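Working notes for the structure below.
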Amino acid sequence: MIDYKNSYIGKNLNSLSQAGNTAADGDIDVSISGRIGYNMIVNPTKFWKACRWVVDGTFGIIEGKGHCERAYKIDIGEVYTSGGKWYWLSLLSIFIITVCSIMAPFFYLPVYLKNNK
């Protein structure tokens, strides 16, 4: 597992996640991953399971399994949003798919190249 949270890139990725969560009517100090982890405990619908699959799949290569659950446990004292209106959740899913599809190749390509020399 790579500790990227205190790096320049890690801090900016966390800020991007908090901005995306805020844009989708979530708390300003909660990341998308934390929101997903919370909702997987209190409201485990197909929507949140799909979001977890995408986000954990993207970050799993650098952090291991359970990224969303860890993100929730790190900020367990924050104010989390349970569920949400369909239009905010639609915006959230568009944000997740867009950002994760851009980031995943940068996480997976170095591992692929290393393993296929």
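Going by the structure tokens order, chains are called A, B, ..., each with residues numbered from 1, while ligands are numbered from 1 in the order shown.
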Can you list every residue of stretch 35-73 of chain A that has an atom at most 12 Å from stretch 8-26 of chain A, with its nearest atom pair and the distance in Å to one decimal, using only C-alpha atoms, ordered by chain then number, as a Markdown table?
```
| residue | atom | partner | partner_atom | distance |
| --- | --- | --- | --- | --- |
| A:Arg35 | CA | A:Asn21 | CA | 7.9 |
| A:Ile36 | CA | A:Asn21 | CA | 10.1 |
| A:Tyr38 | CA | A:Gly26 | CA | 12.0 |
| A:Asn39 | CA | A:Gly26 | CA | 12.0 |
| A:Val55 | CA | A:Ser17 | CA | 10.9 |
| A:Phe59 | CA | A:Leu13 | CA | 11.3 |
| A:Ile62 | CA | A:Gly10 | CA | 11.5 |
| A:Glu63 | CA | A:Gly10 | CA | 11.8 |
| A:Cys68 | CA | A:Ser17 | CA | 11.9 |
| A:Ala71 | CA | A:Asn14 | CA | 10.3 |
```
* To do: Name the residues in contact with stretch 104-116 of chain A at a cut-off of 7 Å, using only C-alpha atoms, excluding same-chain residues fewer than 3 positions from it; report them as a PyMOL selection string.
  => chain A and resi 58+61-62+100-101
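Nearest residue to A:Gly66 among A:Val54, A:Val30, A:Val99, A:Leu89 is A:Val54, counting only C-alpha atoms.
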* To do: Figure out the distance between atom CA of A:Asn6 and atom CA of A:Ser82, please, to one decimal in Å.
  => 28.1 Å
* To do: Enumerate as a PyMOL selection string all residues of chain A assigned to alpha helix (DSSP H) by DSSP on the backbone, naming them with the chain letters and numbers the document uses.
  => chain A and resi 8-23+32-42+46-63+67-74+86-115
* From the set A:Ser90, A:Ser7, A:Asp75, A:Thr98, which residue has the shortest atom-to-atom contact distance to A:Trp48, counting only C-alpha atoms? -> A:Ser90
* Rank nothing, just name the residue among A:Gly60, A:Gly37, A:Ile32, A:Asp27 nearest to A:Lys73, using only C-alpha atoms. =>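 Closest to A:Lys73 of all the choices is A:Gly37.
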* Length of the atom CA of A:Asn43 to atom CA of A:Leu92 vector [Å] ->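 Computing it gives 16.0 Å between the two atoms.
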